[in-house]
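One file, start25.txt, carrying compact mmCIF, C-alpha atoms:
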# COMPACT_ATOMS: atom_id res chain seq x y z
CA MET Y 26 -5.47 -21.36 16.47
CA LYS Y 27 -1.86 -22.58 16.49
CA LEU Y 28 -0.97 -25.07 13.81
CA HIS Y 29 2.64 -25.92 14.50
CA ARG Y 30 6.06 -24.70 15.49
CA ASN Y 31 9.37 -25.51 13.93
CA SER Y 32 12.94 -24.23 13.88
CA HIS Y 33 15.40 -23.67 11.08
CA LEU Y 34 19.16 -23.41 11.16
CA SER Y 35 20.39 -20.88 8.60
CA ARG Y 36 23.97 -20.33 7.59
CA HIS Y 37 25.34 -16.89 6.88
CA PRO Y 38 28.18 -16.59 4.32
CA HIS Y 39 30.51 -15.87 7.25
CA GLU Y 40 29.39 -19.02 9.07
CA VAL Y 41 27.21 -17.11 11.56
CA ARG Y 42 24.23 -19.24 12.58
CA ASN Y 43 20.77 -18.19 13.72
CA VAL Y 44 17.95 -20.35 14.98
CA VAL Y 45 14.60 -19.11 13.70
CA ASP Y 46 11.46 -20.51 15.29
CA PHE Y 47 8.25 -20.45 13.24
CA GLN Y 48 4.76 -20.33 14.71
CA VAL Y 49 1.77 -20.58 12.37
CA VAL Y 50 -1.71 -19.40 13.38
CA THR Y 51 -4.91 -18.79 11.46
CA GLY Y 52 -7.88 -16.44 11.51
CA LEU Y 53 -8.95 -13.84 14.04
CA GLU Y 54 -8.15 -15.88 17.13
CA GLY Y 55 -4.69 -16.62 15.79
CA LEU Y 56 -4.16 -12.93 15.11
CA LYS Y 57 -5.16 -12.04 18.66
CA SER Y 58 -2.54 -14.44 20.01
CA LEU Y 59 0.17 -12.53 18.14
CA GLU Y 60 -0.78 -9.03 19.37
CA ALA Y 61 2.09 -8.56 21.83
CA SER Y 62 4.73 -9.85 19.40
CA TRP Y 63 3.19 -7.85 16.54
CA ARG Y 64 3.26 -4.55 18.44
CA GLU Y 65 6.81 -5.17 19.63
CA LEU Y 66 7.94 -5.86 16.07
CA THR Y 67 6.27 -2.83 14.49
CA SER Y 68 7.73 -0.55 17.17
CA ARG Y 69 11.22 -1.42 15.82
CA LEU Y 70 10.50 -0.95 12.12
CA ALA Y 71 12.54 1.80 10.48
CA ARG Y 72 9.95 2.27 7.70
CA ARG Y 73 6.75 1.70 9.60
CA CYS Y 74 3.58 2.14 7.56
CA PHE Y 75 -0.15 1.76 8.19
CA TYR Y 76 -0.26 -1.62 6.43
CA HIS Y 77 2.21 -3.00 9.01
CA GLU Y 78 -0.02 -2.19 11.97
CA TYR Y 79 -1.73 -4.83 14.09
CA ASP Y 80 -4.86 -2.65 14.34
CA TRP Y 81 -5.13 -2.55 10.55
CA PHE Y 82 -5.39 -6.35 10.33
CA ARG Y 83 -7.54 -6.64 13.46
CA SER Y 84 -10.10 -4.20 12.04
CA ARG Y 85 -10.21 -6.17 8.80
CA LEU Y 86 -10.86 -9.50 10.46
CA GLU Y 87 -13.37 -8.02 12.92
CA CYS Y 88 -15.49 -6.44 10.17
CA LEU Y 89 -14.70 -7.98 6.79
CA ALA Y 90 -13.76 -11.59 7.56
CA ASP Y 91 -14.49 -14.08 4.79
CA PRO Y 92 -15.03 -17.59 6.25
CA ARG Y 93 -14.14 -19.08 2.85
CA ALA Y 94 -10.66 -17.54 2.90
CA GLU Y 95 -9.13 -17.65 6.37
CA PRO Y 96 -5.73 -15.89 6.48
CA ILE Y 97 -2.55 -17.53 7.74
CA PHE Y 98 -0.10 -15.65 9.98
CA VAL Y 99 3.45 -16.94 10.32
CA LEU Y 100 5.56 -15.55 13.17
CA ALA Y 101 9.37 -15.89 12.96
CA SER Y 102 11.26 -15.45 16.24
CA LEU Y 103 14.81 -15.76 17.52
CA PRO Y 104 15.71 -18.16 20.36
CA ASP Y 105 15.19 -15.39 22.94
CA LYS Y 106 11.60 -14.99 21.65
CA THR Y 107 12.41 -11.72 19.86
CA PRO Y 108 10.01 -11.46 16.89
CA VAL Y 109 11.78 -10.72 13.60
CA ALA Y 110 8.99 -11.16 11.06
CA ILE Y 111 5.28 -11.75 10.63
CA PHE Y 112 4.05 -13.03 7.28
CA PRO Y 113 0.30 -12.52 6.63
CA LEU Y 114 -0.68 -14.99 3.90
CA LEU Y 115 -3.77 -16.19 2.07
CA HIS Y 116 -4.14 -19.47 0.19
CA ALA Y 117 -5.58 -18.81 -3.28
CA ARG Y 118 -5.86 -20.04 -6.87
CA THR Y 119 -4.02 -18.00 -9.49
CA ARG Y 120 -4.77 -18.63 -13.15
CA LYS Y 121 -1.95 -18.59 -15.69
CA GLY Y 122 -3.33 -19.27 -19.16
CA TRP Y 123 -5.24 -22.54 -19.03
CA MET Y 124 -3.87 -23.68 -15.65
CA ALA Y 125 -4.88 -22.60 -12.14
CA LEU Y 126 -1.91 -22.64 -9.76
CA SER Y 127 -2.09 -23.13 -6.01
CA SER Y 128 -0.61 -19.95 -4.57
CA LEU Y 129 0.16 -18.18 -1.32
CA GLN Y 130 -0.44 -14.44 -1.55
CA ILE Y 131 0.13 -11.62 0.87
CA PHE Y 132 -3.07 -11.11 2.81
CA TRP Y 133 -3.86 -7.41 3.00
CA PRO Y 134 -6.87 -5.93 4.72
CA CYS Y 135 -8.21 -3.38 2.26
CA ASP Y 136 -8.13 -2.03 -1.28
CA MET Y 137 -4.98 0.07 -0.73
CA ASP Y 138 -2.63 -1.10 -3.45
CA ILE Y 139 0.60 -1.15 -1.44
CA ASN Y 140 1.76 -3.92 0.85
CA ASP Y 141 4.66 -5.49 2.72
CA PHE Y 142 5.62 -8.15 5.23
CA ILE Y 143 6.17 -7.02 8.81
CA MET Y 144 9.88 -7.78 8.82
CA ASP Y 145 12.92 -6.46 10.71
CA ASN Y 146 15.85 -7.40 8.49
CA SER Y 147 18.36 -5.88 10.93
CA GLN Y 148 17.76 -8.66 13.48
CA ILE Y 149 18.74 -11.58 11.26
CA ASP Y 150 21.74 -12.41 9.09
CA THR Y 151 19.97 -14.41 6.39
CA ASP Y 152 17.06 -14.25 3.96
CA LEU Y 153 13.82 -14.46 5.95
CA ILE Y 154 11.68 -14.98 2.85
CA ASP Y 155 13.78 -17.96 1.85
CA LEU Y 156 13.47 -19.39 5.37
CA LEU Y 157 9.70 -18.92 5.17
CA ILE Y 158 9.50 -20.81 1.87
CA ARG Y 159 11.69 -23.64 3.17
CA HIS Y 160 9.58 -23.95 6.31
CA LEU Y 161 6.28 -24.05 4.42
CA ARG Y 162 7.63 -26.52 1.85
CA ARG Y 163 8.90 -28.79 4.62
CA GLN Y 164 5.53 -28.75 6.36
CA GLY Y 165 3.74 -29.57 3.13
CA ARG Y 166 0.59 -27.69 4.13
CA PRO Y 167 -0.69 -25.65 2.52
CA HIS Y 168 0.67 -26.84 -0.81
CA PHE Y 169 1.65 -24.00 -3.12
CA ASP Y 170 3.25 -23.62 -6.54
CA LEU Y 171 3.68 -19.87 -6.28
CA LEU Y 172 4.41 -17.27 -3.60
CA GLU Y 173 2.87 -13.99 -4.79
CA LEU Y 174 4.23 -10.81 -3.25
CA GLN Y 175 1.83 -8.29 -4.76
CA ASN Y 176 1.88 -4.47 -4.69
CA ILE Y 177 5.28 -4.11 -3.00
CA PRO Y 178 6.72 -0.56 -2.77
CA GLU Y 179 10.34 -0.05 -3.70
CA GLU Y 180 10.97 1.28 -0.19
CA SER Y 181 9.93 -1.76 1.84
CA ALA Y 182 11.32 -4.75 3.71
CA ILE Y 183 10.35 -7.14 0.90
CA SER Y 184 12.07 -5.00 -1.73
CA ASP Y 185 15.20 -4.91 0.42
CA ALA Y 186 15.16 -8.72 0.60
CA MET Y 187 14.54 -9.08 -3.14
CA LYS Y 188 17.46 -6.78 -3.97
CA SER Y 189 19.93 -8.47 -1.62
CA HIS Y 190 19.14 -12.11 -2.45
CA SER Y 191 18.77 -13.57 -5.92
CA ARG Y 192 16.11 -16.24 -6.40
CA PRO Y 193 15.58 -18.67 -9.28
CA LEU Y 194 12.18 -18.96 -10.94
CA THR Y 195 11.23 -15.39 -9.99
CA VAL Y 196 9.39 -12.85 -12.13
CA THR Y 197 9.31 -9.19 -11.08
CA VAL Y 198 6.81 -6.79 -12.62
CA ARG Y 199 6.42 -3.06 -12.11
CA VAL Y 200 2.65 -2.51 -11.79
CA HIS Y 201 2.10 1.09 -10.67
CA CYS Y 202 3.49 3.68 -8.28
CA SER Y 203 2.68 5.35 -4.97
CA LYS Y 204 3.16 9.12 -4.77
CA TYR Y 205 3.94 11.32 -1.80
CA ILE Y 206 4.95 14.86 -0.88
CA ALA Y 207 8.07 15.67 1.13
CA LEU Y 208 7.27 18.50 3.54
CA GLY Y 209 9.71 21.38 3.93
CA LYS Y 210 10.38 23.48 6.99
CA THR Y 211 7.99 26.12 5.62
CA TYR Y 212 4.94 26.09 3.32
CA GLU Y 213 6.95 28.05 0.75
CA GLU Y 214 9.66 25.38 0.76
CA THR Y 215 7.08 22.58 0.45
CA THR Y 216 5.38 24.18 -2.56
CA ARG Y 217 8.52 25.42 -4.27
CA SER Y 218 8.26 22.76 -6.99
CA LEU Y 219 4.65 23.59 -7.89
CA SER Y 220 4.15 25.24 -11.27
CA GLY Y 221 3.34 28.93 -11.40
CA LYS Y 222 0.10 28.14 -13.21
CA PHE Y 223 -1.02 25.75 -10.49
CA LYS Y 224 -0.25 28.30 -7.76
CA ARG Y 225 -2.24 30.96 -9.60
CA ASN Y 226 -5.15 28.52 -9.93
CA LEU Y 227 -5.01 27.86 -6.18
CA ARG Y 228 -5.27 31.57 -5.42
CA ARG Y 229 -8.13 32.04 -7.88
CA GLU Y 230 -10.07 29.05 -6.54
CA LEU Y 231 -9.62 30.24 -2.97
CA ASN Y 232 -10.91 33.70 -3.90
CA ASN Y 233 -13.92 32.19 -5.65
CA LEU Y 234 -14.69 30.00 -2.66
CA VAL Y 235 -14.47 32.95 -0.28
CA LYS Y 236 -17.21 34.65 -2.30
CA SER Y 237 -19.47 31.63 -1.65
CA GLY Y 238 -19.30 31.99 2.13
CA GLU Y 239 -17.09 31.84 5.19
CA ILE Y 240 -14.38 29.16 4.91
CA GLU Y 241 -13.27 27.17 7.94
CA TYR Y 242 -10.83 24.28 8.34
CA ALA Y 243 -10.96 21.76 11.17
CA PHE Y 244 -8.34 19.11 11.93
CA PHE Y 245 -9.62 16.45 14.32
CA ASN Y 246 -7.53 13.98 16.33
CA ASP Y 247 -9.33 13.61 19.68
CA ALA Y 248 -11.54 10.59 20.33
CA ALA Y 249 -14.70 12.60 21.02
CA ASP Y 250 -14.23 14.76 17.91
CA LEU Y 251 -13.26 11.91 15.58
CA GLU Y 252 -16.44 9.96 16.20
CA LYS Y 253 -18.51 12.89 14.97
CA ALA Y 254 -16.02 13.74 12.22
CA TYR Y 255 -16.31 10.20 10.84
CA GLU Y 256 -20.05 10.70 10.33
CA THR Y 257 -19.26 13.96 8.52
CA PHE Y 258 -16.78 12.10 6.33
CA LEU Y 259 -19.43 9.52 5.40
CA CYS Y 260 -21.94 12.21 4.41
CA VAL Y 261 -19.51 14.23 2.29
CA GLU Y 262 -18.21 11.14 0.52
CA GLU Y 263 -21.78 10.06 -0.26
CA ASN Y 264 -22.35 13.45 -1.91
CA SER Y 265 -19.13 13.16 -3.93
CA TRP Y 266 -18.31 11.44 -7.21
CA LYS Y 267 -18.24 8.19 -5.21
CA GLY Y 268 -21.95 8.39 -4.36
CA PRO Y 269 -24.84 6.33 -5.76
CA ASP Y 270 -25.04 8.56 -8.85
CA GLY Y 271 -21.30 8.21 -9.48
CA THR Y 272 -18.92 5.29 -9.02
CA GLY Y 273 -20.96 3.82 -6.17
CA THR Y 274 -17.82 3.25 -4.07
CA ALA Y 275 -18.64 5.54 -1.13
CA VAL Y 276 -17.98 3.79 2.17
CA ILE Y 277 -21.48 4.45 3.49
CA LEU Y 278 -23.00 2.43 0.62
CA ASN Y 279 -21.48 -0.76 2.03
CA GLU Y 280 -22.34 -1.64 5.63
CA LYS Y 281 -19.28 -3.82 6.14
CA GLN Y 282 -16.96 -1.13 4.76
CA THR Y 283 -18.65 1.45 6.99
CA ASN Y 284 -18.02 -0.71 10.04
CA PHE Y 285 -14.44 -1.45 8.93
CA TYR Y 286 -13.46 2.21 8.66
CA ARG Y 287 -15.31 3.04 11.88
CA GLU Y 288 -13.28 0.32 13.62
CA LEU Y 289 -10.09 1.68 12.03
CA VAL Y 290 -10.83 5.18 13.28
CA SER Y 291 -11.59 3.87 16.77
CA ARG Y 292 -8.45 1.75 17.02
CA PHE Y 293 -6.01 4.26 15.55
CA THR Y 294 -7.52 7.02 17.70
CA ARG Y 295 -6.32 5.16 20.81
CA SER Y 296 -2.73 5.44 19.59
CA ASN Y 297 -3.23 9.04 18.40
CA GLN Y 298 -2.61 8.03 14.79
CA CYS Y 299 -5.95 8.95 13.20
CA ARG Y 300 -6.77 12.31 11.60
CA ILE Y 301 -9.93 13.57 9.90
CA ASP Y 302 -9.76 16.96 8.25
CA VAL Y 303 -12.90 18.89 7.26
CA MET Y 304 -13.40 22.05 5.20
CA THR Y 305 -16.67 23.94 5.56
CA VAL Y 306 -18.25 26.80 3.62
CA SER Y 307 -20.77 28.78 5.68
CA GLY Y 308 -20.93 25.85 8.09
CA LYS Y 309 -21.56 23.19 5.41
CA PRO Y 310 -18.88 20.46 5.11
CA VAL Y 311 -17.66 20.39 1.49
CA ALA Y 312 -14.36 18.46 1.64
CA VAL Y 313 -12.89 15.77 3.90
CA GLN Y 314 -9.71 13.74 4.36
CA LEU Y 315 -9.30 10.59 6.47
CA GLY Y 316 -5.69 9.85 7.30
CA ILE Y 317 -3.52 7.53 9.40
CA ILE Y 318 -0.13 8.60 10.74
CA SER Y 319 2.59 5.95 10.65
CA GLY Y 320 6.11 6.93 11.57
CA SER Y 321 6.78 10.28 9.92
CA THR Y 322 4.08 9.96 7.23
CA LEU Y 323 0.46 11.08 7.09
CA ASN Y 324 -1.28 8.59 4.79
CA LEU Y 325 -4.44 9.90 3.13
CA LEU Y 326 -6.63 6.79 3.05
CA LYS Y 327 -9.77 8.53 1.83
CA ILE Y 328 -10.50 11.94 0.31
CA ALA Y 329 -13.77 13.39 -0.97
CA TYR Y 330 -15.55 16.65 -1.75
CA ASP Y 331 -19.16 17.61 -2.33
CA LYS Y 332 -19.70 17.45 -6.09
CA ALA Y 333 -22.00 20.49 -5.88
CA TYR Y 334 -18.86 22.53 -5.14
CA LYS Y 335 -16.68 20.86 -7.75
CA ARG Y 336 -15.98 24.03 -9.76
CA LEU Y 337 -14.53 25.63 -6.62
CA ALA Y 338 -12.03 22.76 -6.08
CA PRO Y 339 -12.57 22.35 -2.31
CA GLY Y 340 -10.56 19.11 -2.20
CA VAL Y 341 -7.52 20.85 -3.66
CA LEU Y 342 -7.84 23.73 -1.21
CA LEU Y 343 -8.16 21.38 1.78
CA LEU Y 344 -5.01 19.52 0.74
CA ASN Y 345 -3.24 22.85 0.24
CA LYS Y 346 -4.19 23.85 3.78
CA THR Y 347 -2.92 20.50 5.04
CA LEU Y 348 0.49 21.22 3.49
CA GLU Y 349 0.49 24.61 5.17
CA ILE Y 350 -0.40 23.12 8.57
CA TYR Y 351 2.16 20.29 8.50
CA SER Y 352 5.11 22.07 6.88
CA GLY Y 353 7.76 22.26 9.60
CA HIS Y 354 5.89 19.74 11.78
CA GLN Y 355 8.05 18.04 14.39
CA GLN Y 356 6.87 14.50 13.55
CA ILE Y 357 5.19 14.48 10.13
CA LYS Y 358 7.66 14.85 7.26
CA TYR Y 359 5.68 13.30 4.39
CA ILE Y 360 2.12 13.20 3.12
CA SER Y 361 1.32 10.08 1.09
CA PHE Y 362 -1.40 9.85 -1.56
CA ILE Y 363 -0.94 6.03 -1.37
CA THR Y 364 -2.10 5.76 -4.99
CA GLY Y 365 -0.39 7.01 -8.14
CA ALA Y 366 -3.34 8.85 -9.68
CA ARG Y 367 -2.52 11.39 -12.38
CA TRP Y 368 -4.09 14.29 -10.49
CA ASN Y 369 -1.38 13.79 -7.85
CA ASP Y 370 1.15 15.12 -10.37
CA ASP Y 371 -0.14 18.69 -9.92
CA TRP Y 372 1.59 18.62 -6.52
CA ALA Y 373 5.00 17.62 -8.00
CA PRO Y 374 5.18 14.48 -5.82
CA LEU Y 375 7.99 12.04 -5.27
CA VAL Y 376 7.41 8.54 -6.62
CA ASN Y 377 7.73 5.17 -4.92
CA LYS Y 378 7.62 2.43 -7.58
CA VAL Y 379 5.42 -0.58 -6.82
CA TYR Y 380 6.14 -4.16 -7.97
CA ASN Y 381 4.68 -7.65 -8.04
CA HIS Y 382 7.17 -10.42 -7.25
CA SER Y 383 6.17 -13.95 -8.25
CA ILE Y 384 8.38 -16.65 -6.69
CA TYR Y 385 7.61 -19.95 -8.42
CA GLN Y 386 8.31 -23.30 -6.80
CA LEU Y 387 9.98 -26.34 -8.33
CA THR Y 388 6.73 -28.16 -9.10
CA PRO Y 389 5.23 -29.01 -12.51
CA ALA Y 390 2.64 -26.25 -12.12
CA GLY Y 391 5.28 -23.84 -10.82
CA LEU Y 392 7.55 -24.47 -13.80
CA TYR Y 393 4.60 -23.99 -16.14
CA GLY Y 394 3.67 -20.69 -14.47
CA TYR Y 395 7.23 -19.39 -14.63
CA THR Y 396 7.51 -20.31 -18.31
CA PHE Y 397 4.13 -18.71 -19.06
CA ASP Y 398 5.06 -15.42 -17.37
CA SER Y 399 8.53 -15.34 -18.94
CA LEU Y 400 7.18 -15.88 -22.46
CA LYS Y 401 4.40 -13.36 -21.92
CA GLY Y 402 6.91 -10.77 -20.77
CA LEU Y 403 9.14 -11.45 -23.77
CA LEU Y 404 6.20 -11.04 -26.16
CA CYS Y 405 5.20 -7.76 -24.48
CA LYS Y 406 8.72 -6.40 -24.95
CA VAL Y 407 8.83 -7.41 -28.60
CA LYS Y 408 5.37 -5.94 -29.22
CA ARG Y 409 6.22 -2.66 -27.53
CA ARG Y 410 9.52 -2.39 -29.40
CA TYR Y 411 7.71 -3.01 -32.69
CA TYR Y 412 5.07 -0.35 -32.08
CA SER Y 413 7.68 2.10 -30.84
CA GLY Y 414 9.60 1.58 -34.06
CA THR Y 415 6.52 2.28 -36.17
CA GLY Y 416 5.83 5.50 -34.31
CA LEU Y 417 2.39 4.40 -33.12
CA LEU Y 418 3.35 5.13 -29.53
CA SER Y 419 4.78 8.57 -30.21
CA LYS Y 420 1.53 10.40 -29.49
CA ARG Y 421 1.09 8.68 -26.11
CA ASN Y 422 4.74 9.20 -25.27
CA GLY Y 423 4.41 12.88 -26.04
CA VAL Y 424 1.38 13.26 -23.79
CA MET Y 425 3.13 11.54 -20.89
CA ALA Y 426 6.56 13.08 -21.39
CA ASP Y 427 6.08 15.88 -18.89
CA SER Y 428 4.74 13.54 -16.19
CA ALA Y 429 7.50 11.01 -16.86
CA ALA Y 430 10.15 13.69 -16.61
CA ARG Y 431 8.91 14.72 -13.17
CA GLN Y 432 8.76 11.11 -12.02
CA ASN Y 433 12.27 10.33 -13.29
CA LYS Y 434 13.59 13.39 -11.52
CA SER Y 435 12.11 12.39 -8.17
CA ALA Y 436 12.50 8.61 -8.37
CA SER Y 437 15.62 6.88 -7.10
CA GLN Y 438 18.16 5.35 -9.46
CA PRO Y 439 17.26 1.83 -10.65
CA HIS Y 440 18.75 -1.12 -8.82
CA ALA Y 441 20.43 -4.07 -10.46
CA TRP Y 442 17.45 -6.36 -9.86
CA GLU Y 443 15.23 -3.84 -11.63
CA ASN Y 444 16.91 -4.68 -14.92
CA LYS Y 445 15.15 -8.04 -14.74
CA VAL Y 446 11.69 -6.49 -14.55
CA THR Y 447 9.34 -7.86 -17.18
CA SER Y 448 6.80 -5.62 -18.87
CA LEU Y 449 3.86 -7.76 -17.82
CA ARG Y 450 0.41 -6.31 -17.36
CA ALA Y 451 -2.54 -8.11 -15.83
CA SER Y 452 -5.10 -9.46 -18.25
CA PRO Y 453 -8.62 -10.71 -17.49
CA GLY Y 454 -7.52 -14.33 -17.71
CA ASP Y 455 -4.56 -13.97 -15.35
CA GLY Y 456 -6.17 -12.74 -12.16
CA ALA Y 457 -6.26 -14.45 -8.79
CA SER Y 458 -9.27 -15.60 -6.86
CA THR Y 459 -9.35 -16.80 -3.30
CA GLY Y 460 -10.13 -20.39 -2.66
structure tokens encoding of this file:
Amino acid sequence: MKLHRNSHLSRHPHEVRNVVDFQVVTGLEGLKSLEASWRELTSRLARRCFYHEYDWFRSRLECLADPRAEPIFVLASLPDKTPVAIFPLLHARTRKGWMALSSLQIFWPCDMDINDFIMDNSQIDTDLIDLLIRHLRRQGRPHFDLLELQNIPEESAISDAMKSHSRPLTVTVRVHCSKYIALGKTYEETTRSLSGKFKRNLRRELNNLVKSGEIEYAFFNDAADLEKAYETFLCVEENSWKGPDGTGTAVILNEKQTNFYRELVSRFTRSNQCRIDVMTVSGKPVAVQLGIISGSTLNLLKIAYDKAYKRLAPGVLLLNKTLEIYSGHQQIKYISFITGARWNDDWAPLVNKVYNHSIYQLTPAGLYGYTFDSLKGLLCKVKRRYYSGTGLLSKRNGVMADSAARQNKSASQPHAWENKVTSLRASPGDGASTG
């Protein structure tokens, strides 16, 4: 459903002017109306990722829609109707201390903790995020005291905008990281950074698994095969640490999640972007990977192995085979873990830092929220400096030194805006809830 359209005149420092037309729609029907513009825009993105894709959002709204929290989609276009940005947003309440602020957050379709706007900064000579804020403030609906840009990778359109344009009343927080492997032209080049101990363990685990039965690997990407492979994925994940006797997070344990991922597989199969990899021992599936290809990256959305085979490390061996298969691949140059789990470090990954950006508005509640976050960040710095000085953090620092050294080696040099990052960490009283 369309809400309204409006245009903004924006002035570049060199007096170049662009007219940006905004169209605001809501919910599933609104999303459907943007399909052509959305697909055109994503086809131009230099750093296209799975969370930019139209099919990602469509699957979410088809299977996991919450009628109490209908998303808002804002399309920004040039006068010739060329789409330059799509902003998926969700109206929410975010608590800061004793006050709940009215906020607009990025709407993202799943529990993957990385996110971005769908934005082509090369098509416009001004700050699209600033234009978005000005447009929404001028319309007056929905009212918001805070624009929350949560879980934003350092290599993203939002990060580019945050680095190139300074904003008052903004708090930036590093929250975690997303790790990935850069593939070489050969398997040997890809695994060159792995420790000798880890390589020896791989060989030993493979030899032990061979003794248990015949090992086979299957990599599915055809529609007919993927439908069956998805059922295999569900079964293996249910028998993993995610099953009912473990964390209880297996996809098959939640009907809506099962339908969501089935819809994802179906939609991304049509564009040849879906992959499901299966490892079997004597014909029994023991490890699986569900991935989506975006641009030059294979994103591992879900991984699992049968816990009965845990001592043989089938998940590690399947990933190792994946590196072997895709090293030197014509299209795929990276394999992303998406998360920043510690076990990823065994593969000597590169690191993409992930941030939360809170852009407060000039309202009483906005000023309160900015002051609250700023003081909290200052107190965290003082507290950490105090404990560092007393040596109470030395043990933890020593444990993490090796991991930190690898991350610092692979991570890019800090940008100027990074010096403003506050050492905030989420606390139970500071979360957000939709409303």
- Query: Which value, in Å to one decimal, gives the distance between CA of Leu114 in chain Y and CA of Trp133 in chain Y?
  - Reply: 8.3 Å
- Expressed in Å to a single decimal, how great is the separation between CA of Ala125 in chain Y and CA of Asp155 in chain Y?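 So the answer is 23.8 Å.
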- Item | Counting only C-alpha atoms, the residue of Y:Glu78, Y:Asp331, Y:Asp152, Y:Glu173 that sits nearest Leu66 in chain Y |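 Of all the options, Y:Glu78 lies closest to Leu66 in chain Y.
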- Could you work out how far CA of Val341 in chain Y lies from CA of Phe245 in chain Y, giving the answer in Å with one decimal? 18.6 Å
- Please provide the set of residues having any atom within 7 Å of Thr195 in chain Y, restricted to all atoms listed in the file, with same-chain residues fewer than 3 positions apart removed, written as number ranges by chain. Y: 192, 382-385
Preceding selection exported with C-alpha atoms as a tab-separated table (two decimals), in the frame of the given file:
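The resulting file, selection_29.tsv, is reproduced below:
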chain	number	residue	atom	x	y	z
Y	192	ARG	CA	16.11	-16.24	-6.40
Y	382	HIS	CA	7.17	-10.42	-7.25
Y	383	SER	CA	6.17	-13.95	-8.25
Y	384	ILE	CA	8.38	-16.65	-6.69
Y	385	TYR	CA	7.61	-19.95	-8.42
- Smallest atom-to-atom distance to Ser128 in chain Y: which of Y:Gln298, Y:Gln175, Y:Ser84, Y:Asn369, using all atoms listed in the file?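 Between Y:Gln298, Y:Gln175, Y:Ser84, Y:Asn369, the residue approaching Ser128 in chain Y most closely is Y:Gln175.
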- Message: Applying 10 Å and only C-alpha atoms, which residues near His190 in chain Y remain after dropping the ones on its own chain fewer than 3 positions away? List them as JSON, numbers by chain.
- Response: {"Y": [151, 152, 154, 155, 185, 186, 187, 442]}
Just the selected residues (C-alpha atoms), exported as an mmCIF file, in the frame of the given file, please.
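Once everything was written out, this is again-v8.cif:
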data_model
loop_
_atom_site.group_PDB
_atom_site.id
_atom_site.type_symbol
_atom_site.label_atom_id
_atom_site.label_comp_id
_atom_site.auth_asym_id
_atom_site.auth_seq_id
_atom_site.Cartn_x
_atom_site.Cartn_y
_atom_site.Cartn_z
ATOM 1 C CA THR Y 151 19.970 -14.410 6.390
ATOM 2 C CA ASP Y 152 17.060 -14.250 3.960
ATOM 3 C CA ILE Y 154 11.680 -14.980 2.850
ATOM 4 C CA ASP Y 155 13.780 -17.960 1.850
ATOM 5 C CA ASP Y 185 15.200 -4.910 0.420
ATOM 6 C CA ALA Y 186 15.160 -8.720 0.600
ATOM 7 C CA MET Y 187 14.540 -9.080 -3.140
ATOM 8 C CA TRP Y 442 17.450 -6.360 -9.860
#
Write out as an mmCIF file with C-alpha atoms, in the frame of the given file the residues lying within 8 Å of range 90-101 of chain Y, counting all atoms listed in the file and excluding same-chain residues fewer than 2 positions away.
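So the final result, stored in around11.cif, reads:
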data_model
loop_
_atom_site.group_PDB
_atom_site.id
_atom_site.type_symbol
_atom_site.label_atom_id
_atom_site.label_comp_id
_atom_site.auth_asym_id
_atom_site.auth_seq_id
_atom_site.Cartn_x
_atom_site.Cartn_y
_atom_site.Cartn_z
ATOM 1 C CA VAL Y 45 14.600 -19.110 13.700
ATOM 2 C CA ASP Y 46 11.460 -20.510 15.290
ATOM 3 C CA PHE Y 47 8.250 -20.450 13.240
ATOM 4 C CA GLN Y 48 4.760 -20.330 14.710
ATOM 5 C CA VAL Y 49 1.770 -20.580 12.370
ATOM 6 C CA VAL Y 50 -1.710 -19.400 13.380
ATOM 7 C CA THR Y 51 -4.910 -18.790 11.460
ATOM 8 C CA GLY Y 52 -7.880 -16.440 11.510
ATOM 9 C CA GLY Y 55 -4.690 -16.620 15.790
ATOM 10 C CA LEU Y 56 -4.160 -12.930 15.110
ATOM 11 C CA LEU Y 59 0.170 -12.530 18.140
ATOM 12 C CA ARG Y 85 -10.210 -6.170 8.800
ATOM 13 C CA LEU Y 86 -10.860 -9.500 10.460
ATOM 14 C CA GLU Y 87 -13.370 -8.020 12.920
ATOM 15 C CA CYS Y 88 -15.490 -6.440 10.170
ATOM 16 C CA LEU Y 103 14.810 -15.760 17.520
ATOM 17 C CA PRO Y 108 10.010 -11.460 16.890
ATOM 18 C CA VAL Y 109 11.780 -10.720 13.600
ATOM 19 C CA ALA Y 110 8.990 -11.160 11.060
ATOM 20 C CA ILE Y 111 5.280 -11.750 10.630
ATOM 21 C CA PHE Y 112 4.050 -13.030 7.280
ATOM 22 C CA PRO Y 113 0.300 -12.520 6.630
ATOM 23 C CA LEU Y 114 -0.680 -14.990 3.900
ATOM 24 C CA LEU Y 115 -3.770 -16.190 2.070
ATOM 25 C CA HIS Y 116 -4.140 -19.470 0.190
ATOM 26 C CA PHE Y 132 -3.070 -11.110 2.810
ATOM 27 C CA THR Y 459 -9.350 -16.800 -3.300
ATOM 28 C CA GLY Y 460 -10.130 -20.390 -2.660
#
- Task: Find, counting all atoms listed in the file, the residue in Y:Ile357, Y:Leu325, Y:Ile301, Y:Ile158 that gets nearest to Leu387 in chain Y.
- Result: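 Answer, going by the shortest atom-to-atom distance: Y:Ile158.
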- Task: For Leu392 in chain Y, please output as a list of chain:residue names all residues within 12 Å (counting only C-alpha atoms; exclusion window: fewer than 2 positions along the same chain).
- Result: Y:Lys121, Y:Met124, Y:Leu126, Y:Asp170, Y:Leu171, Y:Pro193, Y:Leu194, Y:Thr195, Y:Val196, Y:Ser383, Y:Ile384, Y:Tyr385, Y:Gln386, Y:Leu387, Y:Thr388, Y:Pro389, Y:Ala390, Y:Gly394, Y:Tyr395, Y:Thr396, Y:Phe397, Y:Asp398, Y:Ser399
